[in-house]
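> So here's target23.cif (mmCIF, C-alpha atoms).
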```cif
data_start
#
loop_
_atom_site.label_atom_id
_atom_site.label_comp_id
_atom_site.auth_asym_id
_atom_site.auth_seq_id
_atom_site.Cartn_x
_atom_site.Cartn_y
_atom_site.Cartn_z
CA MET A 618 -31.38 -55.49 -44.64
CA ARG A 619 -27.94 -53.95 -45.11
CA ARG A 620 -29.34 -50.60 -44.11
CA SER A 621 -30.80 -51.82 -40.81
CA VAL A 622 -27.45 -53.33 -39.70
CA LEU A 623 -25.79 -49.99 -40.34
CA ASP A 624 -28.51 -48.15 -38.36
CA LEU A 625 -28.17 -50.58 -35.50
CA SER A 626 -24.37 -50.18 -35.27
CA VAL A 627 -24.64 -46.37 -35.37
CA GLY A 628 -27.25 -46.49 -32.61
CA LEU A 629 -25.11 -48.81 -30.49
CA PHE A 630 -22.06 -46.61 -31.02
CA LEU A 631 -24.07 -43.55 -29.92
CA ILE A 632 -25.34 -45.28 -26.79
CA ILE A 633 -21.84 -46.45 -25.83
CA GLY A 634 -20.57 -42.91 -26.43
CA LEU A 635 -23.28 -41.42 -24.21
CA LEU A 636 -22.56 -43.95 -21.45
CA ALA A 637 -18.85 -43.07 -21.61
CA VAL A 638 -19.63 -39.34 -21.32
CA GLY A 639 -21.93 -40.05 -18.38
CA TRP A 640 -19.29 -42.16 -16.62
CA LEU A 641 -16.69 -39.45 -17.24
CA SER A 642 -18.85 -36.69 -15.77
CA VAL A 643 -19.69 -38.78 -12.68
CA LYS A 644 -16.00 -39.58 -12.18
CA LEU A 645 -14.70 -36.08 -12.81
CA GLY A 646 -17.45 -34.36 -10.86
CA ARG A 647 -16.94 -36.79 -7.97
CA VAL A 648 -20.65 -37.43 -7.77
CA ASP A 649 -21.58 -40.27 -5.48
CA LEU A 650 -24.48 -41.90 -7.26
CA LEU A 651 -25.10 -44.58 -4.70
CA GLY A 652 -24.23 -42.47 -1.66
CA GLY A 653 -20.67 -43.72 -1.80
CA ARG A 654 -19.24 -46.63 0.09
CA GLY A 655 -18.62 -46.02 3.75
CA TYR A 656 -20.30 -44.17 6.55
CA VAL A 657 -20.99 -40.61 7.60
CA VAL A 658 -19.67 -38.79 10.65
CA SER A 659 -19.85 -35.12 11.56
CA ALA A 660 -17.77 -32.66 13.57
CA ASP A 661 -18.50 -29.16 14.87
CA PHE A 662 -15.78 -26.56 14.34
CA PRO A 663 -15.77 -22.96 15.58
CA THR A 664 -14.53 -22.03 12.12
CA VAL A 665 -13.58 -24.01 9.02
CA GLY A 666 -11.46 -21.46 7.20
CA GLY A 667 -11.26 -22.44 3.55
CA LEU A 668 -12.53 -26.01 3.87
CA LYS A 669 -14.99 -26.96 1.13
CA ALA A 670 -17.25 -29.84 0.26
CA GLY A 671 -15.05 -32.38 -1.48
CA SER A 672 -11.97 -31.61 0.62
CA PRO A 673 -10.09 -34.75 1.59
CA VAL A 674 -10.09 -36.39 5.04
CA GLU A 675 -6.78 -37.99 5.88
CA ILE A 676 -5.08 -40.17 8.48
CA ALA A 677 -1.28 -40.15 8.29
CA GLY A 678 -1.48 -38.51 4.87
CA VAL A 679 -3.67 -41.24 3.41
CA GLN A 680 -7.08 -40.19 2.17
CA ILE A 681 -9.80 -42.08 4.01
CA GLY A 682 -12.82 -40.00 3.03
CA SER A 683 -14.03 -36.61 1.97
CA VAL A 684 -16.14 -33.72 3.17
CA ASP A 685 -19.76 -34.04 2.03
CA ALA A 686 -21.24 -30.82 3.33
CA ILE A 687 -20.63 -27.91 5.65
CA ASN A 688 -23.60 -26.34 7.42
CA LEU A 689 -24.06 -23.66 10.02
CA VAL A 690 -25.51 -25.11 13.25
CA ASP A 691 -25.68 -22.99 16.43
CA ASP A 692 -23.14 -20.50 15.05
CA GLN A 693 -20.71 -23.35 14.52
CA ALA A 694 -19.68 -25.06 11.33
CA ARG A 695 -20.93 -28.64 11.20
CA VAL A 696 -18.77 -30.60 8.80
CA VAL A 697 -20.35 -33.79 7.48
CA MET A 698 -17.86 -36.21 6.01
CA SER A 699 -18.03 -39.69 4.60
CA ILE A 700 -15.41 -42.15 5.77
CA ARG A 701 -14.41 -45.23 3.82
CA SER A 702 -15.93 -48.35 5.33
CA GLY A 703 -13.45 -50.49 7.19
CA ILE A 704 -11.77 -47.43 8.72
CA LYS A 705 -12.52 -47.23 12.44
CA LEU A 706 -12.38 -43.90 14.24
CA GLN A 707 -11.91 -44.10 18.00
CA ASP A 708 -14.09 -41.73 20.01
CA ASP A 709 -11.04 -39.76 21.19
CA SER A 710 -9.81 -39.14 17.66
CA ILE A 711 -9.02 -35.50 16.97
CA ALA A 712 -10.13 -33.86 13.73
CA SER A 713 -7.96 -30.90 12.78
CA ILE A 714 -8.31 -28.63 9.79
CA LYS A 715 -4.86 -28.29 8.26
CA THR A 716 -3.41 -26.54 5.24
CA LYS A 717 -1.34 -28.34 2.62
CA GLY A 718 1.90 -26.41 2.66
CA LEU A 719 1.79 -22.79 3.67
CA ILE A 720 -0.96 -21.58 1.36
CA GLY A 721 -2.32 -24.81 -0.05
CA GLU A 722 -5.82 -26.23 0.10
CA LYS A 723 -7.46 -27.11 3.38
CA TYR A 724 -8.07 -30.69 4.45
CA ILE A 725 -9.13 -32.55 7.57
CA ARG A 726 -6.47 -34.52 9.37
CA ILE A 727 -7.66 -37.07 11.86
CA SER A 728 -5.22 -38.19 14.50
CA PRO A 729 -6.43 -41.59 15.70
CA GLY A 730 -7.11 -42.03 19.39
CA GLY A 731 -6.55 -44.98 21.67
CA SER A 732 -10.02 -45.49 23.07
CA ASP A 733 -11.64 -48.90 22.59
CA ARG A 734 -14.95 -47.28 21.71
CA SER A 735 -15.30 -46.21 18.08
CA ILE A 736 -17.54 -43.58 16.55
CA PRO A 737 -20.68 -45.18 15.07
CA PRO A 738 -22.06 -44.23 11.64
CA ASN A 739 -23.78 -40.82 11.87
CA GLY A 740 -21.81 -40.21 15.08
CA ARG A 741 -19.79 -37.17 15.93
CA ILE A 742 -16.08 -36.50 16.34
CA LYS A 743 -16.03 -34.54 19.58
CA GLU A 744 -12.39 -33.44 19.63
CA VAL A 745 -11.65 -30.81 17.02
CA GLU A 746 -9.01 -28.25 16.17
CA PRO A 747 -9.99 -25.31 13.98
CA PRO A 748 -7.53 -24.09 11.36
CA VAL A 749 -4.83 -21.77 12.64
CA ASP A 750 -5.38 -18.37 11.12
CA LEU A 751 -1.84 -17.23 10.32
CA GLU A 752 -2.85 -13.70 9.42
CA GLU A 753 -4.74 -13.24 12.64
CA LEU A 754 -1.87 -14.64 14.69
CA LEU A 755 0.58 -12.37 12.90
CA SER A 756 -1.49 -9.27 13.49
CA LYS A 757 -1.95 -10.26 17.12
CA TYR A 758 1.65 -10.93 18.01
CA VAL A 759 3.52 -8.77 15.54
CA PHE A 760 1.40 -5.66 15.28
CA GLY A 761 -0.36 -6.07 18.61
CA LYS A 762 2.64 -5.19 20.70
CA VAL A 763 2.62 -1.46 21.48
CA MET B 550 -55.85 -7.23 41.80
CA THR B 551 -53.87 -5.86 38.87
CA ARG B 552 -51.09 -4.91 41.27
CA ILE B 553 -50.85 -8.49 42.53
CA ARG B 554 -50.80 -9.76 38.99
CA LEU B 555 -48.05 -7.28 38.09
CA CYS B 556 -46.04 -8.39 41.11
CA ALA B 557 -46.43 -12.02 40.09
CA VAL B 558 -45.32 -11.28 36.54
CA MET B 559 -42.30 -9.36 37.78
CA LEU B 560 -41.40 -12.14 40.20
CA ALA B 561 -41.68 -14.72 37.43
CA ALA B 562 -39.48 -12.59 35.18
CA LEU B 563 -36.90 -12.22 37.95
CA LEU B 564 -36.87 -15.96 38.58
CA ALA B 565 -36.53 -16.65 34.87
CA THR B 566 -33.50 -14.34 34.55
CA LEU B 567 -31.93 -15.86 37.65
CA THR B 568 -32.27 -19.40 36.34
CA ALA B 569 -31.05 -18.25 32.92
CA LEU B 570 -27.95 -16.78 34.53
CA GLU B 571 -27.32 -20.00 36.39
CA ALA B 572 -27.74 -22.00 33.22
CA ALA B 573 -25.22 -19.82 31.41
CA ALA B 574 -22.48 -20.60 33.92
CA GLY B 575 -22.93 -24.20 34.95
CA PRO B 576 -20.86 -26.42 37.21
CA PRO B 577 -17.96 -26.88 34.71
CA THR B 578 -17.31 -23.14 34.60
CA ASP B 579 -17.82 -22.78 38.35
CA GLN B 580 -15.35 -25.53 39.20
CA LEU B 581 -12.77 -24.33 36.68
CA LYS B 582 -13.14 -20.72 37.78
CA GLY B 583 -12.78 -21.75 41.41
CA ALA B 584 -9.49 -23.50 40.68
CA ILE B 585 -8.12 -20.68 38.51
CA ASP B 586 -9.09 -18.07 41.13
CA ARG B 587 -7.22 -20.04 43.77
CA VAL B 588 -4.12 -20.27 41.56
CA VAL B 589 -4.22 -16.52 40.91
CA LYS B 590 -4.53 -15.91 44.63
CA ILE B 591 -1.43 -18.02 45.31
CA VAL B 592 0.61 -16.33 42.57
CA GLU B 593 -0.40 -12.91 43.90
CA ASP B 594 0.02 -13.81 47.58
CA PRO B 595 2.72 -11.49 48.98
CA SER B 596 3.79 -14.05 51.60
CA LEU B 597 4.57 -16.50 48.78
CA LYS B 598 6.34 -13.98 46.55
CA GLY B 599 10.05 -14.06 45.81
CA ASP B 600 12.39 -16.68 44.48
CA ASP B 601 13.14 -18.27 47.85
CA ARG B 602 9.52 -19.31 48.13
CA VAL B 603 9.45 -20.98 44.70
CA ALA B 604 9.09 -24.47 46.16
CA ASP B 605 6.16 -23.57 48.44
CA ARG B 606 4.41 -21.64 45.71
CA ARG B 607 4.79 -24.46 43.20
CA ALA B 608 3.63 -27.07 45.67
CA ALA B 609 0.50 -25.03 46.34
CA VAL B 610 -0.25 -24.55 42.62
CA ARG B 611 0.48 -28.21 41.90
CA LYS B 612 -2.02 -29.30 44.52
CA ILE B 613 -4.77 -27.34 42.78
CA ALA B 614 -3.66 -28.59 39.36
CA ASP B 615 -3.95 -32.17 40.60
CA GLU B 616 -7.51 -31.43 41.68
CA ILE B 617 -8.76 -29.93 38.42
CA PHE B 618 -6.67 -31.75 35.79
CA ASP B 619 -7.17 -35.41 34.97
CA PHE B 620 -3.54 -36.24 34.16
CA ASN B 621 -4.35 -39.90 33.64
CA GLU B 622 -6.86 -39.01 30.92
CA ILE B 623 -4.49 -36.47 29.33
CA ALA B 624 -1.70 -39.07 29.21
CA ARG B 625 -4.03 -41.74 27.81
CA ARG B 626 -5.28 -39.46 25.06
CA ALA B 627 -1.79 -38.19 24.24
CA LEU B 628 -0.42 -41.71 23.83
CA ALA B 629 -3.54 -42.79 21.91
CA ARG B 630 -3.11 -46.29 20.44
CA HIS B 631 0.24 -46.76 22.16
CA TRP B 632 -1.52 -46.70 25.54
CA GLN B 633 -3.33 -50.05 25.22
CA PRO B 634 -0.30 -52.40 25.09
CA LEU B 635 1.36 -50.82 28.15
CA THR B 636 1.47 -52.56 31.51
CA ASP B 637 0.01 -50.83 34.57
CA LYS B 638 3.50 -50.08 35.83
CA GLN B 639 4.54 -48.46 32.55
CA ARG B 640 1.33 -46.43 32.50
CA ALA B 641 1.87 -45.18 36.05
CA GLU B 642 5.45 -44.20 35.27
CA PHE B 643 4.45 -42.43 32.09
CA VAL B 644 1.60 -40.52 33.78
CA SER B 645 3.87 -39.31 36.55
CA LEU B 646 6.65 -38.23 34.16
CA PHE B 647 4.26 -36.57 31.73
CA SER B 648 2.26 -34.71 34.38
CA ASP B 649 5.51 -33.52 35.92
CA LEU B 650 6.68 -32.25 32.53
CA LEU B 651 3.37 -30.48 31.93
CA GLU B 652 3.35 -28.88 35.36
CA ARG B 653 6.95 -27.75 35.12
CA SER B 654 6.62 -26.28 31.66
CA TYR B 655 3.45 -24.38 32.47
CA MET B 656 4.37 -23.38 36.01
CA SER B 657 6.97 -20.86 34.82
CA LYS B 658 4.32 -19.35 32.52
CA ILE B 659 1.79 -19.13 35.36
CA GLU B 660 4.34 -17.27 37.45
CA LEU B 661 4.57 -14.57 34.80
CA TYR B 662 0.99 -13.70 35.67
CA GLY B 663 0.70 -10.00 36.29
CA GLY B 664 -2.94 -9.09 36.66
CA GLU B 665 -4.15 -10.14 33.20
CA LYS B 666 -7.90 -10.35 33.01
CA ILE B 667 -9.45 -13.77 32.61
CA GLN B 668 -12.86 -13.73 30.96
CA TYR B 669 -15.23 -16.67 30.87
CA VAL B 670 -16.94 -16.29 27.53
CA GLY B 671 -19.02 -19.41 27.22
CA GLU B 672 -19.78 -22.95 28.12
CA ARG B 673 -21.04 -25.88 26.09
CA VAL B 674 -22.08 -29.11 27.75
CA ASP B 675 -22.52 -32.18 25.61
CA GLY B 676 -23.34 -35.16 27.79
CA GLU B 677 -20.24 -36.05 29.80
CA ILE B 678 -18.06 -33.52 27.98
CA ALA B 679 -17.98 -29.76 28.49
CA THR B 680 -16.09 -26.95 26.84
CA VAL B 681 -15.40 -23.80 28.81
CA ALA B 682 -14.22 -20.95 26.63
CA THR B 683 -12.03 -18.37 28.34
CA ARG B 684 -10.05 -15.43 27.14
CA ILE B 685 -6.96 -13.88 28.67
CA VAL B 686 -6.72 -10.17 28.02
CA THR B 687 -3.17 -8.86 28.35
CA LYS B 688 -2.39 -5.30 29.34
CA ASN B 689 -1.84 -4.18 25.77
CA GLY B 690 -5.23 -5.54 24.83
CA THR B 691 -4.22 -8.78 23.09
CA GLU B 692 -6.82 -11.47 23.60
CA VAL B 693 -5.66 -15.05 23.83
CA PRO B 694 -8.51 -17.56 23.58
CA ILE B 695 -8.07 -20.61 25.81
CA ASP B 696 -10.69 -23.34 25.74
CA TYR B 697 -10.77 -26.00 28.42
CA ARG B 698 -12.28 -29.40 27.68
CA LEU B 699 -13.68 -31.10 30.74
CA LEU B 700 -14.89 -34.60 31.41
CA LYS B 701 -17.47 -35.42 34.05
CA LYS B 702 -16.24 -37.78 36.75
CA GLY B 703 -18.93 -38.22 39.38
CA ASP B 704 -20.02 -34.72 40.32
CA ARG B 705 -16.66 -33.20 39.41
CA TRP B 706 -15.53 -31.82 36.09
CA LEU B 707 -11.89 -32.52 35.26
CA VAL B 708 -9.84 -30.91 32.50
CA TYR B 709 -8.52 -33.36 29.90
CA ASP B 710 -7.46 -30.97 27.14
CA VAL B 711 -6.54 -27.32 26.78
CA ASN B 712 -6.99 -25.52 23.49
CA ILE B 713 -4.89 -22.38 23.11
CA GLU B 714 -5.53 -20.35 19.95
CA GLY B 715 -7.20 -23.43 18.52
CA VAL B 716 -4.16 -25.64 19.10
CA SER B 717 -4.94 -28.63 21.28
CA LEU B 718 -2.45 -29.73 23.93
CA VAL B 719 -3.36 -33.40 23.55
CA SER B 720 -3.08 -33.24 19.77
CA ASN B 721 0.33 -31.57 20.00
CA TYR B 722 1.75 -34.21 22.32
CA ARG B 723 -0.02 -37.03 20.48
CA THR B 724 1.83 -36.13 17.27
CA GLN B 725 5.18 -35.85 19.05
CA PHE B 726 4.81 -39.06 21.07
CA ASN B 727 3.59 -40.99 18.05
CA LYS B 728 6.64 -39.89 16.07
CA ILE B 729 9.05 -40.85 18.86
CA ILE B 730 7.43 -44.25 19.50
CA GLN B 731 7.24 -45.12 15.79
CA THR B 732 10.82 -44.14 14.98
CA ALA B 733 12.26 -45.42 18.27
CA SER B 734 10.34 -47.06 21.11
CA PHE B 735 8.28 -46.39 24.20
CA GLU B 736 11.42 -46.84 26.33
CA ASP B 737 13.04 -44.11 24.29
CA LEU B 738 10.12 -41.79 24.98
CA ILE B 739 10.41 -42.47 28.73
CA GLN B 740 14.12 -41.74 28.53
CA LYS B 741 13.47 -38.47 26.66
CA LEU B 742 10.91 -37.42 29.28
CA ARG B 743 13.37 -38.23 32.06
CA ALA B 744 16.11 -36.20 30.37
CA LYS B 745 13.71 -33.29 30.03
CA GLN B 746 12.81 -33.59 33.71
CA VAL B 747 16.48 -33.44 34.72
CA GLU B 748 17.02 -30.48 32.42
CA LEU B 749 14.08 -28.57 33.90
CA THR B 750 15.17 -29.39 37.44
CA ALA B 751 18.65 -28.05 36.65
CA ASP B 752 17.06 -24.89 35.25
CA ASP B 753 15.11 -24.39 38.47
CA GLN B 754 18.17 -24.96 40.60
CA SER B 755 20.37 -22.57 38.61
CA LYS B 756 17.65 -19.98 39.05
CA GLY B 757 17.70 -20.61 42.79
CA THR B 758 21.49 -20.26 43.10
CA LYS B 759 21.50 -17.16 40.95
CA VAL B 760 19.04 -15.49 43.26
CA THR B 761 20.35 -16.43 46.71
CA PRO B 762 23.59 -14.36 46.55
CA VAL B 763 21.57 -11.30 45.61
CA LYS B 764 19.28 -11.81 48.58
CA LYS B 765 22.21 -11.96 50.98
#
```
Could you write out this file's structure as structure tokens?

Amino acid sequence: MRRSVLDLSVGLFLIIGLLAVGWLSVKLGRVDLLGGRGYVVSADFPTVGGLKAGSPVEIAGVQIGSVDAINLVDDQARVVMSIRSGIKLQDDSIASIKTKGLIGEKYIRISPGGSDRSIPPNGRIKEVEPPVDLEELLSKYVFGKV
Amino acid sequence: MTRIRLCAVMLAALLATLTALEAAAGPPTDQLKGAIDRVVKIVEDPSLKGDDRVADRRAAVRKIADEIFDFNEIARRALARHWQPLTDKQRAEFVSLFSDLLERSYMSKIELYGGEKIQYVGERVDGEIATVATRIVTKNGTEVPIDYRLLKKGDRWLVYDVNIEGVSLVSNYRTQFNKIIQTASFEDLIQKLRAKQVELTADDQSKGTKVTPVKK
């Protein structure tokens, strides 16, 4: 009888431990088990520079979503991002790929528009700004002048 | 018989290439190209050259700009959420000030035109919105990509945003206007635009006075 109580507590402890490890890996790996809360929109960019899946999507510096996937469609980069529910994006919102600091990570900044129509779930942000390629600009305007 | 069939095949191929060519450069590109060609013609027109003809030249360019640009749409998008609460009178005043600022600041750049090549590299139509990608090739070979975003209004395509090197005009002004309105007010923005207008007018006039003594 004594023995079985001990076995049971060890088993329970193990299960709780496993659950904790599972929770930790989901949290740390930013895995959306239930597809996340919110809705999905996409945007086509001529280039995405160093943007990656998982990069943040921000309005006024506040994170409102993240990049789910980046695919190549018609020689353009289609960025699929999930936006927190409750955040409305007007259909003239502009999505720009920006860099944190001079050489920091890339993120998507959305500047909200003023239109009264908003982008539906699975809709598309039509106004985009690709990242500014500093190196290319430098070589063009500094070394380009002969 | 085979000859007739060959002729038919060739004719079909010819028709297919013709329609393909037409599809590649649709109405947005045609209308934009028409306007740009007319502007280039004005800037290169010898009878309109010289600093004493500045006013005529600018009036002519401005007329074309008014035809191809949708300044109302540009102003609405640039003000974004600050546009809704405005009265019609405020909107009209803002549109006229903003379009004047745009025209004045870009006019001087247009006048620097000296035979740079303008290439039309592509067109994408997505419902009511079209993107026409162009490239300006300077004499030393630098290529500057300029993308025009056009909106369909009836059978005309009007420009509502210009993207130079990936930087959007609307986005640039939206950030600036938002900052001014949030830290000060809409009235303040109007005042700033007016001050800028006066400044640019003074610039133009000083240019005029500088040149007239030389001409005499």
> Quick one: apply the PyMOL selection byres ((chain B) within 12 of (chain A)) to the file and drop the selected residues here as a count of residues only.
56
> Would you mind telling me which residue in A:Ile720, A:Val622, A:Val674, A:Leu629 lies nearest to Arg701 in chain A when using all atoms listed in the file?
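Ranking A:Ile720, A:Val622, A:Val674, A:Leu629 by distance to Arg701 in chain A, first place goes to A:Val674.
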> Can you turn the PyMOL selection byres ((chain B and resi 585-593) around 8) into a concrete residue list for this file, as a PDB file with C-alpha atoms, in the coordinates of the input?

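Below you can see part_1.pdb, which holds the result:
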```pdb
ATOM      1  CA  LEU B 581     -12.770 -24.330  36.680  1.00  0.00           C
ATOM      2  CA  LYS B 582     -13.140 -20.720  37.780  1.00  0.00           C
ATOM      3  CA  GLY B 583     -12.780 -21.750  41.410  1.00  0.00           C
ATOM      4  CA  ALA B 584      -9.490 -23.500  40.680  1.00  0.00           C
ATOM      5  CA  ASP B 594       0.020 -13.810  47.580  1.00  0.00           C
ATOM      6  CA  PRO B 595       2.720 -11.490  48.980  1.00  0.00           C
ATOM      7  CA  LEU B 597       4.570 -16.500  48.780  1.00  0.00           C
ATOM      8  CA  LYS B 598       6.340 -13.980  46.550  1.00  0.00           C
ATOM      9  CA  ARG B 606       4.410 -21.640  45.710  1.00  0.00           C
ATOM     10  CA  ALA B 609       0.500 -25.030  46.340  1.00  0.00           C
ATOM     11  CA  VAL B 610      -0.250 -24.550  42.620  1.00  0.00           C
ATOM     12  CA  ILE B 613      -4.770 -27.340  42.780  1.00  0.00           C
ATOM     13  CA  ILE B 659       1.790 -19.130  35.360  1.00  0.00           C
ATOM     14  CA  GLU B 660       4.340 -17.270  37.450  1.00  0.00           C
ATOM     15  CA  TYR B 662       0.990 -13.700  35.670  1.00  0.00           C
TER      16      TYR B 662
END
```
> Using the chain letters and numbers from the file, which residues does the PyMOL selection byres ((chain B and resi 739) around 12) grab, as a PDB file with C-alpha atoms, keeping the file's coordinate frame?

```pdb
ATOM      1  CA  LEU B 628      -0.420 -41.710  23.830  1.00  0.00           C
ATOM      2  CA  GLN B 639       4.540 -48.460  32.550  1.00  0.00           C
ATOM      3  CA  ARG B 640       1.330 -46.430  32.500  1.00  0.00           C
ATOM      4  CA  ALA B 641       1.870 -45.180  36.050  1.00  0.00           C
ATOM      5  CA  GLU B 642       5.450 -44.200  35.270  1.00  0.00           C
ATOM      6  CA  PHE B 643       4.450 -42.430  32.090  1.00  0.00           C
ATOM      7  CA  VAL B 644       1.600 -40.520  33.780  1.00  0.00           C
ATOM      8  CA  SER B 645       3.870 -39.310  36.550  1.00  0.00           C
ATOM      9  CA  LEU B 646       6.650 -38.230  34.160  1.00  0.00           C
ATOM     10  CA  PHE B 647       4.260 -36.570  31.730  1.00  0.00           C
ATOM     11  CA  LEU B 650       6.680 -32.250  32.530  1.00  0.00           C
ATOM     12  CA  PHE B 726       4.810 -39.060  21.070  1.00  0.00           C
ATOM     13  CA  ILE B 729       9.050 -40.850  18.860  1.00  0.00           C
ATOM     14  CA  ILE B 730       7.430 -44.250  19.500  1.00  0.00           C
ATOM     15  CA  ALA B 733      12.260 -45.420  18.270  1.00  0.00           C
ATOM     16  CA  SER B 734      10.340 -47.060  21.110  1.00  0.00           C
ATOM     17  CA  PHE B 735       8.280 -46.390  24.200  1.00  0.00           C
ATOM     18  CA  GLU B 736      11.420 -46.840  26.330  1.00  0.00           C
ATOM     19  CA  ASP B 737      13.040 -44.110  24.290  1.00  0.00           C
ATOM     20  CA  LEU B 738      10.120 -41.790  24.980  1.00  0.00           C
ATOM     21  CA  GLN B 740      14.120 -41.740  28.530  1.00  0.00           C
ATOM     22  CA  LYS B 741      13.470 -38.470  26.660  1.00  0.00           C
ATOM     23  CA  LEU B 742      10.910 -37.420  29.280  1.00  0.00           C
ATOM     24  CA  ARG B 743      13.370 -38.230  32.060  1.00  0.00           C
ATOM     25  CA  ALA B 744      16.110 -36.200  30.370  1.00  0.00           C
ATOM     26  CA  LYS B 745      13.710 -33.290  30.030  1.00  0.00           C
ATOM     27  CA  GLN B 746      12.810 -33.590  33.710  1.00  0.00           C
TER      28      GLN B 746
END
```
> Enter the distance from CA of Gly740 in chain A to CA of Val657 in chain A, in Å, rounded to one decimal.
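Result for CA of Gly740 in chain A versus CA of Val657 in chain A: 7.5 Å, one decimal.
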> Point out the residue among B:Gln668, B:Ser596, B:Ser648, B:Thr732 with the least atom-to-atom distance to Arg611 in chain B, counting only C-alpha atoms.
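Smallest distance to Arg611 in chain B is found for B:Ser648.
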> Please report the interatomic distance between CA of Thr683 in chain B and CA of Val670 in chain B in Å with one decimal.
5.4 Å
> For a test of reading the model, state the distance in Å between CA of Asp649 in chain B and CA of Ile617 in chain B, rounded to one decimal.
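The value is 14.9 Å.
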> Up to 7 Å from (-7.1, -14.2, 32.9) in the file's coordinates: name the residues, counting all atoms listed in the file, as a PDB file with C-alpha atoms, in the frame of the given file.

```pdb
ATOM      1  CA  GLU B 665      -4.150 -10.140  33.200  1.00  0.00           C
ATOM      2  CA  LYS B 666      -7.900 -10.350  33.010  1.00  0.00           C
ATOM      3  CA  ILE B 667      -9.450 -13.770  32.610  1.00  0.00           C
ATOM      4  CA  GLN B 668     -12.860 -13.730  30.960  1.00  0.00           C
ATOM      5  CA  ARG B 684     -10.050 -15.430  27.140  1.00  0.00           C
ATOM      6  CA  ILE B 685      -6.960 -13.880  28.670  1.00  0.00           C
ATOM      7  CA  VAL B 686      -6.720 -10.170  28.020  1.00  0.00           C
TER       8      VAL B 686
END
```
> Considering all atoms listed in the file, can you say which of B:Arg653, B:Lys701, B:Asp637, B:Thr578 comes closest to Ala604 in chain B?
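Under the stated criterion, the closest residue is B:Arg653.
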> For each of A:Pro738, A:Gly718, A:Gly639, A:Gly703, take the minimum atom-to-atom distance to Ile681 in chain A, counting only C-alpha atoms, then give the residue where this is smallest.
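For Ile681 in chain A, the nearest of the given residues is A:Gly703.
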> Which residues are close to range 685-694 of chain A, i.e. within 10 Å by all atoms listed in the file, leaving aside same-chain residues fewer than 2 positions away? Reply as a list in words.
Asp649, Val657, Val658, Ser659, Ala660, Asp661, Phe662, Pro663, Thr664, Val665, Gly666, Leu668, Lys669, Ala670, Gly671, Ser672, Pro673, Gly682, Ser683, Val696, Val697, Met698, Ser699 and Ile700 of chain A
